[in-house]
Amino acid sequence: MLPVRIRPKALDELAAAWSWYEAQRDGLGDEFRACVDVAMAEVARDPLMWPKVRGDVRRRMTRRFPYAVLYLAEDDHIEVLAVFHSSRDPKEWKSRA
């Protein structure tokens, strides 16, 4: 299992999404975070399993929530570029790759 490094912009996206879901219903933010954590753990276990979406950037969709974990599979770690809502303009995360 490779270590996961999350870039600051991805952490900001994760925090903003957690806050939004938590404002909708108490505990929903935690449920969202759990889904993202599961997705990241699956990526760490088998990083090449998920499809490439641009160059070497791969995407793992979360279950239940319309978010993607976009990452690079490096030799010694996973680099998370974005935790991105599927309806947002992908130009935003593509500029990070």
# chains A, B, ... in the order shown; residues from 1 in each chain; ligands from 1
$ residues_around --residues "Pro3 in chain A" --least-positions-apart "3" --cutoff "12 Å" --atoms "only C-alpha atoms" --output "PyMOL selection string"
chain A and resi 6+40-47+73-80
$ select_by_dssp --residues "range 22-91 of chain A" --states "alpha helix (DSSP H)" --output "VMD selection string"
chain A and resid 22 to 24 28 to 45 91
$ residues_around --residues "Trp50 in chain A" --least-positions-apart "4" --cutoff "8 Å" --atoms "only C-alpha atoms" --output "PyMOL selection string"
chain A and resi 43+58-60
$ closest_residue --among "A:Val38, A:Phe65, A:Val57, A:Leu2" --to "Ser95 in chain A" --atoms "only C-alpha atoms"
A:Val57
$ residues_around --residues "range 7-11 of chain A" --least-positions-apart "3" --cutoff "7 Å" --atoms "only C-alpha atoms" --output "list in words"
Leu14, Ala15, Val80, Leu81, Ala82 and Val83 of chain A
$ atom_distance --atom1 "CA of Ala34 in chain A" --atom2 "CA of Lys91 in chain A"
26.5 Å
$ atom_distance --atom1 "CA of Leu72 in chain A" --atom2 "CA of Asp56 in chain A"
6.3 Å
$ decode --residues "range 38-90 of chain A" --atoms "C-alpha atoms" --output "CSV table (one decimal), in the first residue's frame"
chain,number,residue,atom,x,y,z
A,38,VAL,CA,-12.4,4.5,1.0
A,39,ALA,CA,-11.6,5.7,-2.5
A,40,MET,CA,-8.2,6.8,-1.5
A,41,ALA,CA,-7.4,3.6,0.3
A,42,GLU,CA,-8.4,1.6,-2.8
A,43,VAL,CA,-6.2,3.8,-4.9
A,44,ALA,CA,-3.3,3.3,-2.5
A,45,ARG,CA,-3.8,-0.5,-2.7
A,46,ASP,CA,-4.0,-0.8,-6.4
A,47,PRO,CA,-3.2,2.6,-8.1
A,48,LEU,CA,-3.1,1.3,-11.7
A,49,MET,CA,-6.6,-0.2,-11.5
A,50,TRP,CA,-8.4,3.1,-12.2
A,51,PRO,CA,-8.6,4.7,-15.7
A,52,LYS,CA,-6.3,7.4,-17.0
A,53,VAL,CA,-8.3,10.5,-17.9
A,54,ARG,CA,-5.6,12.9,-19.0
A,55,GLY,CA,-1.9,11.9,-19.5
A,56,ASP,CA,-0.9,10.0,-16.4
A,57,VAL,CA,-3.7,11.4,-14.3
A,58,ARG,CA,-6.1,8.7,-13.1
A,59,ARG,CA,-9.6,9.0,-11.7
A,60,ARG,CA,-11.4,7.1,-8.9
A,61,MET,CA,-15.0,8.0,-8.5
A,62,THR,CA,-16.4,7.9,-5.0
A,63,ARG,CA,-19.5,5.8,-4.1
A,64,ARG,CA,-22.7,7.6,-3.2
A,65,PHE,CA,-21.3,11.1,-3.8
A,66,PRO,CA,-20.6,12.7,-7.2
A,67,TYR,CA,-16.9,13.3,-6.6
A,68,ALA,CA,-13.7,12.0,-8.2
A,69,VAL,CA,-10.3,11.6,-6.7
A,70,LEU,CA,-7.9,12.6,-9.4
A,71,TYR,CA,-4.3,11.4,-8.8
A,72,LEU,CA,-0.9,10.5,-10.1
A,73,ALA,CA,0.5,7.0,-9.3
A,74,GLU,CA,4.2,7.8,-8.5
A,75,ASP,CA,6.7,5.0,-7.9
A,76,ASP,CA,6.7,5.6,-4.1
A,77,HIS,CA,3.4,7.4,-3.4
A,78,ILE,CA,0.0,8.5,-4.6
A,79,GLU,CA,-0.3,12.2,-5.4
A,80,VAL,CA,-3.9,13.4,-5.1
A,81,LEU,CA,-4.4,16.5,-7.4
A,82,ALA,CA,-8.1,17.1,-6.8
A,83,VAL,CA,-11.2,15.9,-5.0
A,84,PHE,CA,-13.5,17.2,-7.6
A,85,HIS,CA,-17.3,17.4,-8.0
A,86,SER,CA,-18.3,15.7,-11.3
A,87,SER,CA,-20.4,18.7,-12.5
A,88,ARG,CA,-17.5,21.2,-12.3
A,89,ASP,CA,-15.5,22.4,-15.2
A,90,PRO,CA,-12.6,19.9,-15.6
